[in-house]
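Text of model-v6.tsv, listed as TSV, C-alpha atoms:
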chain	number	residue	atom	x	y	z
A	1	MET	CA	-76.15	-64.44	84.97
A	2	PRO	CA	-73.15	-62.12	84.68
A	3	LYS	CA	-74.03	-58.44	84.69
A	4	LYS	CA	-73.49	-56.83	81.29
A	5	LYS	CA	-70.74	-54.27	81.01
A	6	ASP	CA	-71.47	-50.68	80.07
A	7	THR	CA	-70.40	-49.32	76.68
A	8	PRO	CA	-66.87	-50.67	76.03
A	9	ASN	CA	-63.84	-48.51	75.31
A	10	ILE	CA	-63.50	-47.95	71.55
A	11	LEU	CA	-59.86	-48.52	70.61
A	12	GLY	CA	-60.27	-47.19	67.08
A	13	LYS	CA	-61.45	-43.85	68.47
A	14	MET	CA	-58.55	-43.52	70.94
A	15	GLU	CA	-55.67	-41.77	69.20
A	16	LYS	CA	-53.34	-42.27	72.16
A	17	PRO	CA	-54.72	-44.86	74.60
A	18	GLU	CA	-53.78	-43.95	78.15
A	19	ALA	CA	-51.62	-46.50	79.95
A	20	GLU	CA	-53.74	-46.11	83.10
A	21	LYS	CA	-56.73	-47.63	81.29
A	22	PHE	CA	-54.85	-50.90	80.96
A	23	LYS	CA	-53.66	-51.33	84.53
A	24	GLY	CA	-55.18	-53.82	86.95
A	25	GLY	CA	-58.11	-56.21	86.71
A	26	ARG	CA	-59.34	-58.48	83.94
A	27	LYS	CA	-59.46	-56.97	80.46
A	28	LEU	CA	-60.65	-58.18	77.09
A	29	ILE	CA	-60.08	-56.83	73.58
A	30	PHE	CA	-63.14	-57.51	71.42
A	31	VAL	CA	-62.37	-57.85	67.70
A	32	PRO	CA	-65.39	-58.08	65.35
A	33	LEU	CA	-64.95	-61.20	63.24
A	34	ILE	CA	-65.49	-60.48	59.53
A	35	PHE	CA	-65.28	-63.26	56.97
A	36	MET	CA	-64.47	-63.04	53.27
A	37	MET	CA	-67.57	-64.29	51.44
A	38	PRO	CA	-67.40	-65.90	47.96
A	39	GLU	CA	-70.07	-63.54	46.60
A	40	ASP	CA	-68.31	-60.39	47.81
A	41	GLU	CA	-67.51	-57.82	45.15
A	42	PRO	CA	-63.85	-56.93	44.48
A	43	GLY	CA	-64.21	-53.57	46.24
A	44	VAL	CA	-65.36	-55.02	49.53
A	45	GLU	CA	-62.74	-57.78	49.39
A	46	GLU	CA	-60.06	-55.09	49.48
A	47	LEU	CA	-61.96	-53.35	52.27
A	48	ILE	CA	-62.00	-56.51	54.39
A	49	LYS	CA	-58.28	-57.03	53.79
A	50	LYS	CA	-57.65	-53.45	54.88
A	51	TYR	CA	-59.79	-54.04	57.98
A	52	TRP	CA	-57.65	-56.95	59.13
A	53	GLU	CA	-54.45	-55.01	58.41
A	54	GLN	CA	-55.71	-52.16	60.60
A	55	VAL	CA	-56.77	-54.56	63.38
A	56	LYS	CA	-53.34	-56.20	63.30
A	57	GLU	CA	-51.67	-52.80	63.53
A	58	GLN	CA	-53.79	-51.74	66.52
A	59	VAL	CA	-53.20	-55.01	68.37
A	60	GLU	CA	-49.44	-54.87	67.72
A	61	LYS	CA	-49.27	-51.31	69.06
A	62	LEU	CA	-51.06	-52.39	72.22
A	63	GLN	CA	-48.70	-55.33	72.63
A	64	GLU	CA	-45.61	-53.19	72.14
A	65	LYS	CA	-46.52	-50.26	74.37
A	66	LEU	CA	-49.23	-51.09	76.84
A	67	VAL	CA	-50.28	-54.71	77.38
A	68	SER	CA	-49.25	-58.33	77.17
A	69	ILE	CA	-52.10	-60.47	75.83
A	70	ASN	CA	-52.34	-63.78	77.69
A	71	LYS	CA	-55.39	-65.55	76.30
A	72	ILE	CA	-56.90	-65.85	72.80
A	73	TYR	CA	-60.61	-66.69	72.41
A	74	HIS	CA	-61.90	-67.29	68.88
A	75	GLU	CA	-65.37	-68.11	67.64
A	76	PHE	CA	-65.64	-71.56	66.00
A	77	ILE	CA	-62.55	-72.88	67.82
A	78	SER	CA	-63.28	-75.75	70.22
A	79	ARG	CA	-59.70	-76.88	70.86
A	80	GLU	CA	-56.85	-75.27	72.76
A	81	GLY	CA	-53.10	-75.17	72.18
A	82	ASP	CA	-51.67	-76.52	68.93
A	83	GLU	CA	-55.03	-77.97	67.84
A	84	GLY	CA	-56.63	-74.55	68.29
A	85	VAL	CA	-53.89	-72.90	66.22
A	86	LYS	CA	-54.43	-75.44	63.43
A	87	ALA	CA	-58.19	-74.78	63.50
A	88	SER	CA	-57.58	-71.04	63.24
A	89	ASP	CA	-55.17	-71.52	60.35
A	90	LYS	CA	-57.80	-73.43	58.34
A	91	MET	CA	-60.26	-70.51	58.48
A	92	ASP	CA	-60.54	-68.14	55.55
A	93	VAL	CA	-60.38	-65.09	57.79
A	94	GLY	CA	-57.75	-62.44	58.48
A	95	SER	CA	-57.64	-63.14	62.20
A	96	LYS	CA	-55.38	-66.16	61.68
A	97	GLU	CA	-52.34	-63.95	61.03
A	98	ILE	CA	-53.00	-62.02	64.24
A	99	VAL	CA	-53.40	-65.29	66.15
A	100	LYS	CA	-50.03	-66.53	64.85
A	101	SER	CA	-48.37	-63.28	65.89
A	102	LEU	CA	-49.85	-63.46	69.39
A	103	ILE	CA	-48.84	-67.12	69.77
A	104	ASN	CA	-45.26	-66.14	68.89
A	105	LYS	CA	-45.44	-63.65	71.76
A	106	GLU	CA	-46.46	-66.43	74.17
A	107	ALA	CA	-50.23	-65.93	74.22
A	108	ASN	CA	-52.28	-69.13	74.51
A	109	ILE	CA	-55.30	-70.00	72.40
A	110	GLN	CA	-58.27	-71.31	74.40
A	111	ALA	CA	-61.18	-73.61	73.55
A	112	LEU	CA	-64.01	-71.06	73.41
A	113	GLU	CA	-66.58	-73.35	71.83
A	114	ASN	CA	-68.14	-76.59	72.97
A	115	GLU	CA	-67.84	-78.87	69.93
A	116	SER	CA	-71.25	-80.50	70.42
A	117	LEU	CA	-73.04	-77.15	70.82
A	118	LEU	CA	-71.16	-75.72	67.85
A	119	ASN	CA	-72.12	-78.66	65.59
A	120	GLU	CA	-75.76	-78.34	66.66
A	121	PHE	CA	-75.74	-74.61	65.89
A	122	MET	CA	-74.13	-75.14	62.48
A	123	ASP	CA	-76.68	-77.82	61.55
A	124	TRP	CA	-79.62	-75.57	62.42
A	125	SER	CA	-77.96	-72.77	60.42
A	126	LYS	CA	-77.76	-75.07	57.38
A	127	CYS	CA	-81.42	-76.00	57.75
A	128	LEU	CA	-82.41	-72.32	57.77
A	129	SER	CA	-80.47	-71.73	54.56
A	130	LEU	CA	-82.78	-74.10	52.65
A	131	ARG	CA	-85.59	-72.71	50.49
A	132	LEU	CA	-88.56	-73.51	52.71
A	133	THR	CA	-92.20	-73.09	51.68
A	134	SER	CA	-93.87	-73.64	55.07
A	135	GLU	CA	-93.93	-70.70	57.50
A	136	GLN	CA	-94.61	-73.12	60.34
A	137	VAL	CA	-91.52	-75.18	59.54
A	138	PHE	CA	-89.40	-72.02	59.24
A	139	ALA	CA	-90.70	-70.72	62.60
A	140	LYS	CA	-89.93	-74.03	64.30
A	141	LEU	CA	-86.43	-74.21	62.80
A	142	TYR	CA	-85.74	-70.61	63.83
A	143	GLN	CA	-86.85	-71.45	67.37
A	144	PHE	CA	-84.40	-74.36	67.52
A	145	TYR	CA	-81.67	-72.16	66.00
A	146	GLY	CA	-82.26	-69.46	68.64
A	147	GLU	CA	-82.20	-71.97	71.49
A	148	SER	CA	-78.96	-73.45	70.15
A	149	LEU	CA	-77.35	-70.02	69.81
A	150	LYS	CA	-78.36	-69.11	73.38
A	151	LYS	CA	-76.75	-72.26	74.79
A	152	ARG	CA	-73.63	-71.65	72.73
A	153	GLU	CA	-73.25	-68.04	73.91
A	154	GLU	CA	-73.85	-69.03	77.52
A	155	HIS	CA	-71.03	-71.55	77.18
A	156	MET	CA	-68.70	-68.88	75.74
A	157	THR	CA	-69.52	-66.54	78.63
A	158	LYS	CA	-68.75	-69.27	81.14
A	159	ILE	CA	-65.42	-70.12	79.46
A	160	ILE	CA	-64.22	-66.51	79.45
A	161	ASP	CA	-65.34	-65.92	83.04
A	162	GLU	CA	-63.71	-69.08	84.40
A	163	ASN	CA	-60.62	-68.94	82.20
A	164	LEU	CA	-59.49	-65.30	82.24
A	165	GLY	CA	-57.36	-64.69	85.33
A	166	SER	CA	-57.71	-61.80	87.77
A	167	ALA	CA	-54.92	-59.74	86.16
A	168	GLU	CA	-54.92	-61.21	82.65
A	169	PHE	CA	-55.54	-59.59	79.29
A	170	GLY	CA	-57.49	-61.58	76.69
A	171	ILE	CA	-58.53	-61.03	73.09
A	172	LEU	CA	-61.84	-62.25	71.67
A	173	PHE	CA	-62.57	-62.72	67.95
A	174	LEU	CA	-66.35	-62.89	67.58
A	175	ARG	CA	-68.97	-61.76	65.09
A	176	GLU	CA	-70.95	-58.64	65.98
A	177	GLY	CA	-74.60	-59.02	66.91
A	178	HIS	CA	-73.81	-61.48	69.70
A	179	ARG	CA	-75.73	-61.43	72.99
A	180	ILE	CA	-72.88	-62.42	75.25
A	181	GLN	CA	-73.04	-60.64	78.60
A	182	PHE	CA	-69.51	-60.11	79.81
A	183	PRO	CA	-68.97	-60.35	83.59
A	184	SER	CA	-69.04	-56.92	85.25
A	185	ASP	CA	-65.42	-57.20	86.45
A	186	ILE	CA	-64.07	-57.61	82.89
A	187	GLU	CA	-63.29	-54.33	81.14
A	188	VAL	CA	-63.91	-54.64	77.40
A	189	PHE	CA	-62.00	-52.73	74.71
A	190	TYR	CA	-63.73	-52.70	71.32
A	191	VAL	CA	-61.51	-52.63	68.23
A	192	SER	CA	-63.04	-50.27	65.67
A	193	PRO	CA	-60.62	-49.23	62.90
A	194	PRO	CA	-61.86	-46.77	60.23
A	195	SER	CA	-62.45	-49.56	57.69
A	196	LEU	CA	-65.07	-51.18	59.96
A	197	ASP	CA	-67.38	-48.20	59.44
A	198	GLU	CA	-66.73	-48.43	55.70
A	199	ILE	CA	-67.71	-52.12	55.65
A	200	LYS	CA	-70.89	-51.42	57.61
A	201	ARG	CA	-71.76	-48.60	55.20
A	202	TRP	CA	-71.19	-50.94	52.23
A	203	LEU	CA	-73.48	-53.56	53.79
A	204	ARG	CA	-76.22	-50.98	54.43
A	205	ASP	CA	-75.99	-49.74	50.84
A	206	LYS	CA	-76.14	-53.30	49.52
A	207	ARG	CA	-79.24	-54.08	51.59
A	208	SER	CA	-81.00	-50.90	50.49
A	209	ALA	CA	-80.21	-51.72	46.86
A	210	SER	CA	-81.57	-55.26	47.12
A	211	PRO	CA	-85.08	-55.75	45.66
A	212	SER	CA	-87.92	-56.41	48.07
A	213	PRO	CA	-89.66	-59.83	48.03
A	214	GLU	CA	-92.64	-58.22	46.22
A	215	GLU	CA	-90.33	-56.98	43.42
A	216	THR	CA	-88.87	-60.43	42.85
A	217	THR	CA	-92.21	-62.18	42.44

Let me see whether you can do it: turn the structure in this file into structure tokens.
Amino acid sequence: MPKKKDTPNILGKMEKPEAEKFKGGRKLIFVPLIFMMPEDEPGVEELIKKYWEQVKEQVEKLQEKLVSINKIYHEFISREGDEGVKASDKMDVGSKEIVKSLINKEANIQALENESLLNEFMDWSKCLSLRLTSEQVFAKLYQFYGESLKKREEHMTKIIDENLGSAEFGILFLREGHRIQFPSDIEVFYVSPPSLDEIKRWLRDKRSASPSPEETT
């Protein structure tokens, strides 16, 4: 199994990224994938929009001054080329505008997902969203979900490792909380604009404000 990289470089914390950091070897920009949810309050909707605007600005600055991004890897996309672009465009997520911009600058979108593994994962996710009364059934479903997620992430790791060339720069759009272990020879740069901390703070506040199961019974 590929050796996990140490703590990645945090792009949002680097006021003036040094050009030397981007020279030589395989490199990957990791962009946390944040979706707009139907139940989101108006305040957080604006926050998520601001997040994607800040990500786009950071990526464009990197493109203009320091790097040329070659490969695009995006969670939930199992096709490459034009089909991958169409799949990205159908998503209700701010990354699609960044993908279009990168494609216009001759980056290529890759098939990060295996369609069969992705469908299996999505089906187990739907099962877990049901209101279940049996703890045994829930435990079994969660086991299947975890096994499916593990296979899916192992496939993503393999795709990035085999697909990203020795001197290429890639960008990965993926939800946080993943357990992907990037190969040790890939240097990872983590995009963390100020609005990301604001979103995380909003989520923590929302969780702390939610009633406990005992209070709802």

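Nearest residue to A:Arg175, choosing from A:Leu28, A:Glu153, A:Glu45, A:Ser78 and counting all atoms listed in the file: A:Glu153.
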
Item to complete: Go through A:Ile186, A:Gly24, A:Lys200, A:Gly43 one by one, measure the shortest atom-to-atom distance of each to A:Asn163 using only C-alpha atoms, and give the residue with the smallest value.
Response: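 Looking only at the distances to A:Asn163, the closest residue turns out to be A:Ile186.
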
Item to complete: Enter the distance from atom CA of A:Phe22 to atom CA of A:Val59, in Å, rounded to one decimal.
Response: 13.3 Å

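With distances taken over only C-alpha atoms, A:Thr157 is the one residue among A:Thr157, A:Ser134, A:Asn9, A:Ser208 lying closest to A:Leu172.
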
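The space separating atom CA of A:Val44 from atom CA of A:Gly94 comes to 13.9 Å.
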
Discussion item. Ranking A:Ala139, A:Leu33, A:Ile69, A:Ser148 by minimum distance to A:Lys96 and counting all atoms listed in the file, which one comes first?
Written reply: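 Ranked by minimum distance to A:Lys96, first place goes to A:Leu33.
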
Fill in: Interatomic distance (Å, one decimal) between atom CA of A:Ile98 and atom CA of A:Phe189
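The value is 16.6 Å.
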
Worksheet item: For A:Gln58, which of A:Phe173, A:Val191, A:Leu132, A:Glu154 is the closest residue, counting all atoms listed in the file?
Response: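 When distances to A:Gln58 are compared using all atoms listed in the file, the smallest one comes from A:Val191.
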